[in-house]
Structures are given as C-alpha cells and as structure tokens.
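Trainee: protein.cif (mmCIF, C-alpha atoms) pasted underneath:
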data_my_file
#
loop_
_atom_site.label_atom_id
_atom_site.label_comp_id
_atom_site.auth_asym_id
_atom_site.auth_seq_id
_atom_site.Cartn_x
_atom_site.Cartn_y
_atom_site.Cartn_z
CA MET A 1 0.00 0.00 0.00
CA GLU A 2 2.92 2.36 0.56
CA GLN A 3 4.24 2.48 -3.01
CA TYR A 4 3.34 5.62 -4.91
CA MET A 5 4.56 7.97 -7.59
CA SER A 6 4.12 11.71 -8.05
CA MET A 7 2.41 13.44 -10.97
CA SER A 8 2.37 17.19 -11.59
CA LEU A 9 -0.62 18.80 -13.26
CA SER A 10 -0.12 19.94 -16.82
CA LYS A 11 -0.26 23.64 -17.64
CA SER A 12 -3.47 23.06 -19.61
CA PHE A 13 -5.08 21.51 -16.54
CA GLU A 14 -3.99 24.37 -14.33
CA ASP A 15 -5.45 26.87 -16.79
CA GLN A 16 -8.90 25.31 -16.33
CA HIS A 17 -8.99 26.41 -12.67
CA ASN A 18 -8.98 29.83 -11.11
CA GLN A 19 -6.07 30.79 -8.90
CA LEU A 20 -7.77 30.61 -5.52
CA GLU A 21 -5.32 28.87 -3.22
CA LEU A 22 -6.48 25.84 -1.31
CA PRO A 23 -5.23 25.24 2.25
CA PRO A 24 -1.77 23.68 2.64
CA LEU A 25 -3.29 20.42 3.89
CA THR A 26 -4.90 19.45 0.58
CA PHE A 27 -3.95 16.16 -1.08
CA CYS A 28 -5.22 14.28 -4.11
CA TYR A 29 -4.54 10.77 -5.37
CA LEU A 30 -5.28 8.86 -8.55
CA LEU A 31 -5.51 5.08 -8.28
CA LYS A 32 -5.45 3.24 -11.60
CA PRO A 33 -5.81 -0.55 -11.90
CA GLY A 34 -2.44 -2.26 -11.85
CA GLU A 35 -0.46 0.92 -11.13
CA ASP A 36 1.07 2.53 -8.05
CA VAL A 37 -0.82 5.24 -6.19
CA ILE A 38 -0.28 8.56 -7.96
CA LYS A 39 0.08 11.64 -5.76
CA VAL A 40 -1.03 14.67 -7.73
CA ASP A 41 1.02 17.84 -7.28
CA GLY A 42 0.45 21.37 -8.54
CA LEU A 43 -2.91 21.91 -6.87
CA GLU A 44 -2.62 25.69 -6.37
CA ILE A 45 -2.09 25.01 -2.67
CA SER A 46 -0.87 27.72 -0.36
CA GLN A 47 2.73 27.33 0.75
CA MET A 48 1.94 28.86 4.12
CA GLY A 49 1.56 26.69 7.20
CA ASP A 50 1.97 23.00 7.98
CA PRO A 51 1.70 20.96 4.77
CA GLY A 52 0.28 18.02 6.73
CA LEU A 53 2.81 15.48 5.50
CA LYS A 54 2.10 13.15 8.44
CA PHE A 55 -1.54 13.07 7.38
CA GLN A 56 -0.57 12.28 3.80
CA GLU A 57 1.76 9.52 4.96
CA TYR A 58 -1.10 8.08 7.04
CA ILE A 59 -3.51 8.09 4.10
CA LEU A 60 -0.96 6.44 1.81
CA GLN A 61 -0.75 3.55 4.27
CA HIS A 62 -4.49 2.94 3.93
CA ILE A 63 -5.20 3.23 0.21
CA GLU A 64 -4.24 0.98 -2.69
CA PRO A 65 -5.20 0.61 -6.35
CA SER A 66 -8.05 -1.68 -7.33
CA LYS A 67 -7.57 -4.44 -9.88
CA SER A 68 -10.80 -3.40 -11.58
CA TYR A 69 -11.70 0.25 -10.98
CA GLU A 70 -10.11 3.65 -11.42
CA ILE A 71 -10.45 5.72 -8.23
CA ALA A 72 -9.75 9.39 -7.50
CA ILE A 73 -9.51 10.84 -3.98
CA CYS A 74 -9.27 14.49 -2.94
CA GLN A 75 -9.05 15.70 0.66
CA SER A 76 -8.56 19.08 2.29
CA ILE A 77 -8.57 20.47 5.81
CA GLY A 78 -10.76 23.24 4.39
CA ARG A 79 -11.49 26.04 6.82
CA ARG A 80 -11.10 23.90 9.94
CA GLY A 81 -8.15 24.04 12.30
CA LYS A 82 -7.72 20.25 12.32
CA MET A 83 -8.22 17.45 9.78
CA GLU A 84 -10.61 14.83 11.18
CA ASP A 85 -11.72 13.10 7.93
CA THR A 86 -10.01 9.94 6.79
CA VAL A 87 -10.49 7.28 4.11
CA LEU A 88 -9.95 3.61 3.41
CA VAL A 89 -9.35 1.86 0.08
CA ASP A 90 -8.63 -1.85 0.52
CA CYS A 91 -8.79 -4.03 -2.58
CA SER A 92 -6.89 -7.09 -1.38
CA SER A 93 -8.09 -8.21 2.07
CA ILE A 94 -11.25 -9.92 0.77
CA GLU A 95 -10.86 -11.75 -2.53
CA GLY A 96 -13.06 -10.31 -5.26
CA THR A 97 -14.27 -7.37 -3.16
CA ASP A 98 -13.05 -3.80 -3.11
CA ILE A 99 -13.79 -1.96 0.15
CA ILE A 100 -13.82 1.83 0.02
CA GLY A 101 -14.88 4.08 2.88
CA VAL A 102 -15.11 7.59 4.29
CA PHE A 103 -14.95 8.35 8.02
CA ASP A 104 -15.80 11.91 9.06
CA GLY A 105 -14.58 12.44 12.61
CA HIS A 106 -15.77 15.02 15.10
CA ASN A 107 -14.51 16.14 18.51
CA GLY A 108 -11.15 14.72 17.49
CA LYS A 109 -9.79 12.31 14.89
CA ASP A 110 -9.34 9.22 17.07
CA ALA A 111 -12.61 7.43 16.26
CA ALA A 112 -12.19 8.00 12.52
CA TYR A 113 -8.60 6.73 12.57
CA LEU A 114 -9.60 3.70 14.62
CA CYS A 115 -12.20 2.81 11.98
CA THR A 116 -9.74 3.20 9.13
CA GLU A 117 -7.25 0.93 10.88
CA ASN A 118 -9.63 -1.73 12.22
CA TYR A 119 -12.79 -1.80 10.08
CA ILE A 120 -11.88 -4.66 7.76
CA LYS A 121 -10.09 -6.74 10.38
CA THR A 122 -13.10 -6.48 12.70
CA PHE A 123 -15.53 -7.27 9.87
CA LYS A 124 -13.60 -10.40 8.86
CA GLU A 125 -13.50 -11.68 12.45
CA ASN A 126 -17.29 -11.58 12.81
CA GLU A 127 -19.70 -14.32 11.74
CA GLY A 128 -23.19 -14.31 10.26
CA THR A 129 -24.81 -12.59 7.30
CA PHE A 130 -23.30 -9.52 5.69
CA LYS A 131 -25.62 -7.25 7.67
CA GLU A 132 -25.10 -9.11 10.95
CA LYS A 133 -21.33 -8.88 10.58
CA LEU A 134 -21.49 -5.15 9.93
CA ILE A 135 -23.84 -4.43 12.83
CA GLN A 136 -21.38 -6.24 15.09
CA THR A 137 -18.44 -4.45 13.48
CA HIS A 138 -19.94 -1.05 14.26
CA LYS A 139 -20.69 -2.05 17.86
CA GLN A 140 -17.19 -3.38 18.44
CA LEU A 141 -15.47 -0.37 16.88
CA HIS A 142 -17.69 1.87 19.00
CA GLU A 143 -16.79 0.04 22.20
CA LYS A 144 -13.08 0.13 21.36
CA SER A 145 -13.20 3.83 20.54
CA CYS A 146 -15.04 4.70 23.75
CA GLU A 147 -12.36 3.03 25.86
CA THR A 148 -9.84 5.74 25.03
CA SER A 149 -11.54 8.68 23.32
CA LYS A 150 -14.49 11.06 23.52
CA SER A 151 -14.45 11.57 19.76
CA GLY A 152 -16.92 10.18 17.25
CA THR A 153 -17.16 9.48 13.54
CA THR A 154 -19.51 8.77 10.69
CA SER A 155 -18.93 5.69 8.55
CA THR A 156 -19.89 5.17 4.91
CA VAL A 157 -18.30 2.07 3.41
CA ALA A 158 -18.88 0.47 0.00
CA PHE A 159 -18.26 -3.20 -0.73
CA ILE A 160 -17.95 -3.65 -4.51
CA ASP A 161 -17.86 -7.13 -6.00
CA LYS A 162 -18.43 -8.64 -9.43
CA ASP A 163 -22.12 -7.77 -9.76
CA THR A 164 -23.18 -5.62 -6.81
CA ILE A 165 -22.43 -2.54 -4.75
CA ARG A 166 -23.32 -2.87 -1.06
CA ILE A 167 -23.03 0.11 1.24
CA ALA A 168 -23.24 0.26 5.03
CA TYR A 169 -23.53 3.77 6.43
CA CYS A 170 -23.93 5.46 9.77
CA GLY A 171 -24.12 9.24 10.07
CA ASP A 172 -24.26 11.93 7.41
CA SER A 173 -21.45 11.11 4.96
CA PRO A 174 -23.45 10.71 1.74
CA ALA A 175 -23.12 8.40 -1.25
CA TYR A 176 -24.27 9.08 -4.79
CA ILE A 177 -24.35 7.23 -8.09
CA TYR A 178 -24.19 8.58 -11.63
CA LYS A 179 -26.39 6.68 -14.06
CA ASN A 180 -28.04 7.66 -17.35
CA ASN A 181 -26.39 11.09 -17.17
CA LYS A 182 -28.06 11.81 -13.82
CA ILE A 183 -26.74 12.05 -10.28
CA LYS A 184 -28.75 10.30 -7.57
CA LYS A 185 -28.27 10.33 -3.81
CA ILE A 186 -28.61 6.79 -2.45
CA THR A 187 -28.15 7.38 1.29
CA LYS A 188 -30.52 8.95 3.79
CA GLU A 189 -29.25 11.49 6.26
CA HIS A 190 -28.85 10.28 9.83
CA LYS A 191 -29.35 13.80 11.13
CA ALA A 192 -31.65 15.66 13.48
CA THR A 193 -33.44 17.10 10.43
CA ASN A 194 -34.74 13.63 9.50
CA SER A 195 -38.15 13.09 11.15
CA ALA A 196 -37.75 9.30 11.30
CA GLU A 197 -34.40 9.71 13.03
CA VAL A 198 -35.87 12.24 15.47
CA GLU A 199 -38.59 9.75 16.41
CA ARG A 200 -35.98 7.08 17.11
CA ILE A 201 -33.89 9.52 19.16
CA GLU A 202 -36.92 10.40 21.29
CA MET A 203 -37.77 6.71 21.79
CA ASN A 204 -34.21 6.22 23.08
CA GLY A 205 -34.62 8.97 25.66
CA GLY A 206 -33.08 11.85 23.76
CA VAL A 207 -34.42 15.20 22.64
CA VAL A 208 -33.90 17.28 19.53
CA PHE A 209 -33.99 21.04 19.65
CA GLY A 210 -32.51 23.97 17.80
CA MET A 211 -29.24 25.61 18.79
CA PHE A 212 -28.42 28.78 16.86
CA GLY A 213 -30.91 27.75 14.21
CA VAL A 214 -29.54 24.19 13.82
CA LYS A 215 -31.34 21.09 15.13
CA ARG A 216 -29.15 18.97 17.37
CA VAL A 217 -29.53 15.83 19.48
CA ASN A 218 -29.58 16.86 23.15
CA GLY A 219 -28.54 20.27 21.86
CA GLN A 220 -25.05 18.94 21.08
CA ILE A 221 -24.69 17.03 17.83
CA MET A 222 -26.34 17.04 14.41
CA VAL A 223 -25.87 13.35 13.56
CA THR A 224 -28.21 10.74 15.02
CA ARG A 225 -25.94 7.73 14.46
CA SER A 226 -22.21 7.46 14.97
CA ILE A 227 -19.31 5.34 16.13
CA GLY A 228 -17.79 6.77 19.31
CA ASP A 229 -19.33 9.76 21.13
CA PRO A 230 -19.59 7.86 24.46
CA SER A 231 -21.52 10.62 26.21
CA LEU A 232 -24.27 10.49 23.57
CA HIS A 233 -24.93 6.74 23.30
CA PRO A 234 -27.85 6.42 23.86
CA PRO A 235 -29.80 8.14 22.34
CA LEU A 236 -27.42 7.84 19.36
CA THR A 237 -26.95 4.38 17.86
CA THR A 238 -24.14 2.67 15.98
CA GLU A 239 -26.48 0.61 13.78
CA PRO A 240 -25.86 1.19 10.06
CA ASP A 241 -28.37 1.35 7.25
CA PHE A 242 -27.75 -0.76 4.15
CA ILE A 243 -28.03 -0.32 0.39
CA GLN A 244 -27.58 -2.97 -2.29
CA LEU A 245 -27.43 -2.05 -5.97
CA GLU A 246 -26.76 -3.96 -9.16
CA LYS A 247 -23.67 -2.54 -10.84
CA LYS A 248 -25.17 -2.71 -14.32
CA GLY A 249 -25.72 0.75 -15.76
CA ILE A 250 -23.95 2.61 -12.94
CA GLU A 251 -21.11 4.69 -14.33
CA LEU A 252 -19.74 6.32 -11.19
CA LEU A 253 -20.00 5.88 -7.43
CA PHE A 254 -19.29 8.78 -5.06
CA LEU A 255 -18.49 8.72 -1.34
CA MET A 256 -17.86 11.97 0.52
CA SER A 257 -17.94 13.83 3.79
CA ASP A 258 -20.75 16.30 4.30
CA GLY A 259 -18.29 19.17 3.95
CA ILE A 260 -18.61 18.61 0.21
CA THR A 261 -22.40 18.75 0.12
CA ASP A 262 -22.36 21.81 2.38
CA GLY A 263 -20.77 23.65 -0.55
CA VAL A 264 -21.85 21.79 -3.70
CA THR A 265 -25.43 21.13 -4.84
CA GLU A 266 -26.49 18.01 -6.73
CA LYS A 267 -27.01 20.16 -9.83
CA GLU A 268 -23.49 21.57 -9.54
CA LEU A 269 -22.03 18.08 -9.09
CA GLU A 270 -23.90 16.87 -12.15
CA GLU A 271 -22.55 19.80 -14.17
CA ILE A 272 -18.99 19.03 -13.05
CA ILE A 273 -19.37 15.38 -14.07
CA ASN A 274 -20.72 16.30 -17.50
CA LYS A 275 -17.96 18.80 -18.29
CA SER A 276 -14.89 17.40 -16.51
CA GLY A 277 -12.35 15.48 -18.54
CA GLY A 278 -11.62 12.47 -16.39
CA LEU A 279 -12.01 11.11 -12.90
CA PHE A 280 -9.39 13.25 -11.21
CA ASN A 281 -10.87 16.46 -12.62
CA ILE A 282 -14.27 15.50 -11.21
CA ALA A 283 -12.79 14.96 -7.75
CA PHE A 284 -10.61 18.06 -7.70
CA ASP A 285 -13.20 20.38 -9.26
CA THR A 286 -15.85 19.25 -6.78
CA LEU A 287 -13.61 19.71 -3.75
CA LYS A 288 -12.44 23.08 -4.96
CA LEU A 289 -16.02 24.28 -5.62
CA ALA A 290 -17.02 23.27 -2.08
CA TYR A 291 -14.16 25.40 -0.76
CA VAL A 292 -14.95 28.33 -3.06
CA ASN A 293 -18.60 28.17 -1.95
CA GLU A 294 -17.54 28.69 1.68
CA SER A 295 -17.96 25.17 3.09
CA SER A 296 -16.63 25.46 6.63
CA ASP A 297 -15.87 21.76 7.19
CA ASN A 298 -13.12 19.30 6.29
CA LEU A 299 -13.50 18.09 2.71
CA THR A 300 -13.22 14.50 1.46
CA PHE A 301 -14.37 13.25 -1.95
CA ILE A 302 -13.94 9.82 -3.55
CA VAL A 303 -15.14 8.85 -7.02
CA ILE A 304 -15.00 5.30 -8.39
CA LYS A 305 -15.45 4.48 -12.07
CA ILE A 306 -17.74 1.45 -12.04
CA ASN A 307 -18.54 1.09 -15.76
#
Show me, as structure tokens, the structure contained in the file I just sent.

Mentor:
Amino acid sequence: MEQYMSMSLSKSFEDQHNQLELPPLTFCYLLKPGEDVIKVDGLEISQMGDPGLKFQEYILQHIEPSKSYEIAICQSIGRRGKMEDTVLVDCSSIEGTDIIGVFDGHNGKDAAYLCTENYIKTFKENEGTFKEKLIQTHKQLHEKSCETSKSGTTSTVAFIDKDTIRIAYCGDSPAYIYKNNKIKKITKEHKATNSAEVERIEMNGGVVFGMFGVKRVNGQIMVTRSIGDPSLHPPLTTEPDFIQLEKKGIELLFLMSDGITDGVTEKELEEIINKSGGLFNIAFDTLKLAYVNESSDNLTFIVIKIN
C-alpha cells in the first residue's frame, strides 16, 4: 500500500482552474488498476503553514489501487483548524471485493482513525450474514473507541464485488451514483433534520432542539448515528443502514464527507461530471467548488469508475 509515484498537473489543466489557493493540507490521489498510487502535485495550494505530511503519509498507508476500478480521492482540511476526515481503500483483504470508505470524525480524529485501521479486520473476524457482521463491526469499533476517546465518527463504506455494490452507512457522509447522465443520492441522512431519526432519538430517551438555528440531538450534535461519542450513546446508535445495488448501468459511485455537500449542490455536481475530462478532474473540481462556496468543514471526496 505504501508504493506511490508523483504526478504534476499539466499547464493546460492548471489553466482550467482559477487561482484561488487551497489550504496547505490538501492532497489528491489517482488510483489506476495495476499501477502505483499517484500523488497529484500542482494543486494551487498555499505554501503557508503545515503541509500536513504526516496526514498524507497516514492516508498512503491505507489506500491501494483496485484491480478493476479507477479511483480518485481528494481531501482538504478546508477552513477547519484540524483534519478529522479519513479514508480507506482496501482491494486485497477480501478476494473479489473492493472496500472503500469515508470516516468523518468530530470532537477529534481518534474514532475516525480507529475505523480506518480496524474496520476490515473487525468485519472479517465476525460471523453471520453480511448485515449481521457489519452491525457487530460497528458495535465493536464503537466500544473500542469509547475506551480511550471522547471523539466520534460517521462511517460510509462500500463493498464492490463482481455484480453488486453494497453500502453500510452510519451518520451523514453521503453516497451518490451517476447513471443515465443523472446524479442520484442513495443514502438517507442520519441527522436531526430527518423526522424518522428524530422519532428514534426520542424513543431512546433523547431530545432534539434547535441551537443557533440548527437542530441537534440533546442540543449537542447534528448526527443521530455514529461510532464513538460515548456521552451520547444512547440516544445515538451505531447501527448502520444498508443499500444494495446492481452494478449494471452505474457509471460512477461517489463517497464523501458532508463538507462537500455543504458547498456543492447536486445540480453543480452533475454539471462538473458532465464537463470534466476524467475522474481526477471530477474529484478536484468538486472539492475546490465546495471550498470556493464557503464550506466550513473538512473536505473528502472519492469517485470510483464502475462502468
């Protein structure tokens, strides 16, 4: 997983983007089948401040090229003081299955990092159906996180095999597909704005009310499901929701942190897909637009070319 090569953007690519500088902790990767991980340089990134090389080194230890799919990843600290998003791309631990995930941490990075490092190992150790194994995986990761940290994280993980895409998700890190020239959101939001989630929170002894115009569980957190957050379980739960899709007809799969959707609409994402020349351009243009549009969160965007 640690092998990689560097690629600088061509002048023609740079000319397609305005000169707004992204934060110093902004990194992008292109993963092509059968090749080493490509680190993409020349991203109009500010030279001021900590370049976040330890974070990049960490990510490079947890991503690898697929044998079947081209993948592009872009991440940025955005306007936050700390980077709490992380990702996972594992295409070798389970034969015939590529596992790709986004973990959006809050109140610290520990829970998100724990998931990146232990998600697949924990999943493989469990028994039962696919759903049963993942429910147990989330519970066990939650318990392990709560032993040492007060932080929490979302989890959106795709399992891609020969014919299907299966996604287990917990929290508000969304997934989309691109099919028939249209973008479609396939996850529901586990947030205090979702009436079904509010009902479950209230049944578990919690309350939802507005703080500074934003609905929060117990006045503290927007998400209604997470891994970690020991002081908020219950009423929060670790239980994931599940999606299963046939791969046929799906061109692209997207996984992202909500920092992206805070700054990019579905219409804007669709426009980027239709005009961008290649997978990396889609990822970089989307992340950059989220930043330009004043998203205040960390930014993580993954796109996988399915067909």

Trainee: Quick check on the file I pasted: which residues fall under the PyMOL selection byres ((chain A and resi 131-147) around 12)? Write them as an mmCIF file with C-alpha atoms, in the frame of the given file.

Mentor:
data_model
loop_
_atom_site.group_PDB
_atom_site.id
_atom_site.type_symbol
_atom_site.label_atom_id
_atom_site.label_comp_id
_atom_site.auth_asym_id
_atom_site.auth_seq_id
_atom_site.Cartn_x
_atom_site.Cartn_y
_atom_site.Cartn_z
ATOM 1 C CA GLY A 105 -14.580 12.440 12.610
ATOM 2 C CA GLY A 108 -11.150 14.720 17.490
ATOM 3 C CA LYS A 109 -9.790 12.310 14.890
ATOM 4 C CA ASP A 110 -9.340 9.220 17.070
ATOM 5 C CA ALA A 111 -12.610 7.430 16.260
ATOM 6 C CA ALA A 112 -12.190 8.000 12.520
ATOM 7 C CA TYR A 113 -8.600 6.730 12.570
ATOM 8 C CA LEU A 114 -9.600 3.700 14.620
ATOM 9 C CA CYS A 115 -12.200 2.810 11.980
ATOM 10 C CA THR A 116 -9.740 3.200 9.130
ATOM 11 C CA GLU A 117 -7.250 0.930 10.880
ATOM 12 C CA ASN A 118 -9.630 -1.730 12.220
ATOM 13 C CA TYR A 119 -12.790 -1.800 10.080
ATOM 14 C CA ILE A 120 -11.880 -4.660 7.760
ATOM 15 C CA LYS A 121 -10.090 -6.740 10.380
ATOM 16 C CA THR A 122 -13.100 -6.480 12.700
ATOM 17 C CA PHE A 123 -15.530 -7.270 9.870
ATOM 18 C CA LYS A 124 -13.600 -10.400 8.860
ATOM 19 C CA GLU A 125 -13.500 -11.680 12.450
ATOM 20 C CA ASN A 126 -17.290 -11.580 12.810
ATOM 21 C CA GLU A 127 -19.700 -14.320 11.740
ATOM 22 C CA GLY A 128 -23.190 -14.310 10.260
ATOM 23 C CA THR A 129 -24.810 -12.590 7.300
ATOM 24 C CA PHE A 130 -23.300 -9.520 5.690
ATOM 25 C CA THR A 148 -9.840 5.740 25.030
ATOM 26 C CA SER A 149 -11.540 8.680 23.320
ATOM 27 C CA LYS A 150 -14.490 11.060 23.520
ATOM 28 C CA SER A 151 -14.450 11.570 19.760
ATOM 29 C CA GLY A 152 -16.920 10.180 17.250
ATOM 30 C CA THR A 153 -17.160 9.480 13.540
ATOM 31 C CA THR A 154 -19.510 8.770 10.690
ATOM 32 C CA SER A 155 -18.930 5.690 8.550
ATOM 33 C CA THR A 156 -19.890 5.170 4.910
ATOM 34 C CA VAL A 157 -18.300 2.070 3.410
ATOM 35 C CA ALA A 158 -18.880 0.470 0.000
ATOM 36 C CA PHE A 159 -18.260 -3.200 -0.730
ATOM 37 C CA ARG A 166 -23.320 -2.870 -1.060
ATOM 38 C CA ILE A 167 -23.030 0.110 1.240
ATOM 39 C CA ALA A 168 -23.240 0.260 5.030
ATOM 40 C CA TYR A 169 -23.530 3.770 6.430
ATOM 41 C CA CYS A 170 -23.930 5.460 9.770
ATOM 42 C CA GLY A 171 -24.120 9.240 10.070
ATOM 43 C CA ARG A 225 -25.940 7.730 14.460
ATOM 44 C CA SER A 226 -22.210 7.460 14.970
ATOM 45 C CA ILE A 227 -19.310 5.340 16.130
ATOM 46 C CA GLY A 228 -17.790 6.770 19.310
ATOM 47 C CA ASP A 229 -19.330 9.760 21.130
ATOM 48 C CA PRO A 230 -19.590 7.860 24.460
ATOM 49 C CA SER A 231 -21.520 10.620 26.210
ATOM 50 C CA LEU A 232 -24.270 10.490 23.570
ATOM 51 C CA HIS A 233 -24.930 6.740 23.300
ATOM 52 C CA LEU A 236 -27.420 7.840 19.360
ATOM 53 C CA THR A 237 -26.950 4.380 17.860
ATOM 54 C CA THR A 238 -24.140 2.670 15.980
ATOM 55 C CA GLU A 239 -26.480 0.610 13.780
ATOM 56 C CA PRO A 240 -25.860 1.190 10.060
ATOM 57 C CA ASP A 241 -28.370 1.350 7.250
ATOM 58 C CA PHE A 242 -27.750 -0.760 4.150
ATOM 59 C CA ILE A 243 -28.030 -0.320 0.390
ATOM 60 C CA GLN A 244 -27.580 -2.970 -2.290
#

Trainee: For the structure shown, which residues end up in the PyMOL selection byres ((chain A and resi 66) around 8)? Put them as a list in words, please?

Mentor: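 Output of the PyMOL selection byres ((chain A and resi 66) around 8): Leu31, Lys32, Pro33, Gly34, Glu64, Pro65, Lys67, Ser68, Tyr69, Glu70, Ile71, Asp90, Cys91 and Asp98 of chain A.
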
Trainee: For range 287-302 of chain A, find every residue with an atom within 7 Å (counting only C-alpha atoms), except residues of its own chain fewer than 2 positions away, and show them as a list in words.

Mentor: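 Here the qualifying residues turn out to be Ala72, Ile73, Cys74, Gln75, Ser76, Ile77, Gly78, Arg79, Arg80, Met83, Asp85, Phe254, Leu255, Met256, Ser257, Gly259, Ile260, Asp262, Gly263, Val264, Ala283, Phe284, Asp285 and Ile304 of chain A.
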
Trainee: Quick one: write out the picked residues with C-alpha atoms as a short mmCIF file (atom, residue, chain, number, x, y, z; two decimals), in the coordinates of the input?

Mentor:
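The result, written out as selection.cif:
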data_model
loop_
_atom_site.label_atom_id
_atom_site.label_comp_id
_atom_site.auth_asym_id
_atom_site.auth_seq_id
_atom_site.Cartn_x
_atom_site.Cartn_y
_atom_site.Cartn_z
CA ALA A 72 -9.75 9.39 -7.50
CA ILE A 73 -9.51 10.84 -3.98
CA CYS A 74 -9.27 14.49 -2.94
CA GLN A 75 -9.05 15.70 0.66
CA SER A 76 -8.56 19.08 2.29
CA ILE A 77 -8.57 20.47 5.81
CA GLY A 78 -10.76 23.24 4.39
CA ARG A 79 -11.49 26.04 6.82
CA ARG A 80 -11.10 23.90 9.94
CA MET A 83 -8.22 17.45 9.78
CA ASP A 85 -11.72 13.10 7.93
CA PHE A 254 -19.29 8.78 -5.06
CA LEU A 255 -18.49 8.72 -1.34
CA MET A 256 -17.86 11.97 0.52
CA SER A 257 -17.94 13.83 3.79
CA GLY A 259 -18.29 19.17 3.95
CA ILE A 260 -18.61 18.61 0.21
CA ASP A 262 -22.36 21.81 2.38
CA GLY A 263 -20.77 23.65 -0.55
CA VAL A 264 -21.85 21.79 -3.70
CA ALA A 283 -12.79 14.96 -7.75
CA PHE A 284 -10.61 18.06 -7.70
CA ASP A 285 -13.20 20.38 -9.26
CA ILE A 304 -15.00 5.30 -8.39
#

Trainee: Record the distance separating CA of Leu25 in chain A and CA of Asp104 in chain A, expressed in Å with one decimal.

Mentor: 16.0 Å

Trainee: Using all atoms listed in the file for the distances, tell me which of A:Ile221, A:Ile177, A:Leu269, A:Leu88 is nearest to Ile306 in chain A.

Mentor: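 Checking each of A:Ile221, A:Ile177, A:Leu269, A:Leu88 against Ile306 in chain A, counting all atoms listed in the file, the winner is A:Ile177.
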
Trainee: So which residues touch Tyr58 in chain A within 10 Å, counting all atoms listed in the file, skipping near sequence neighbours fewer than 5 positions away, as a short mmCIF file (atom, residue, chain, number, x, y, z; two decimals) with C-alpha atoms, in the coordinates of the input?

Mentor:
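Final output, part_38.cif:
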data_model
loop_
_atom_site.label_atom_id
_atom_site.label_comp_id
_atom_site.auth_asym_id
_atom_site.auth_seq_id
_atom_site.Cartn_x
_atom_site.Cartn_y
_atom_site.Cartn_z
CA GLU A 2 2.92 2.36 0.56
CA LEU A 53 2.81 15.48 5.50
CA ILE A 63 -5.20 3.23 0.21
CA THR A 86 -10.01 9.94 6.79
CA VAL A 87 -10.49 7.28 4.11
CA TYR A 113 -8.60 6.73 12.57
#

Trainee: Distance CA of Ile282 in chain A-CA of Gly96 in chain A, one decimal place?

Mentor: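 CA of Gly96 in chain A lies 26.5 Å from CA of Ile282 in chain A.
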
Trainee: Provide the CA of Val303 in chain A to CA of Leu279 in chain A distance in Å, to one decimal place.

Mentor: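 Interatomic distance here is 7.0 Å.
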
Trainee: Edge lengths and centre, in Å to one decimal, as AutoDock Vina command-line options: that's what I need for the box along x, y and z that holds all listed atoms of range 291-302 of chain A plus 4 Å on each side.

Mentor:
--center_x -15.9 --center_y 19.3 --center_z 1.8 --size_x 13.5 --size_y 26.9 --size_z 18.7
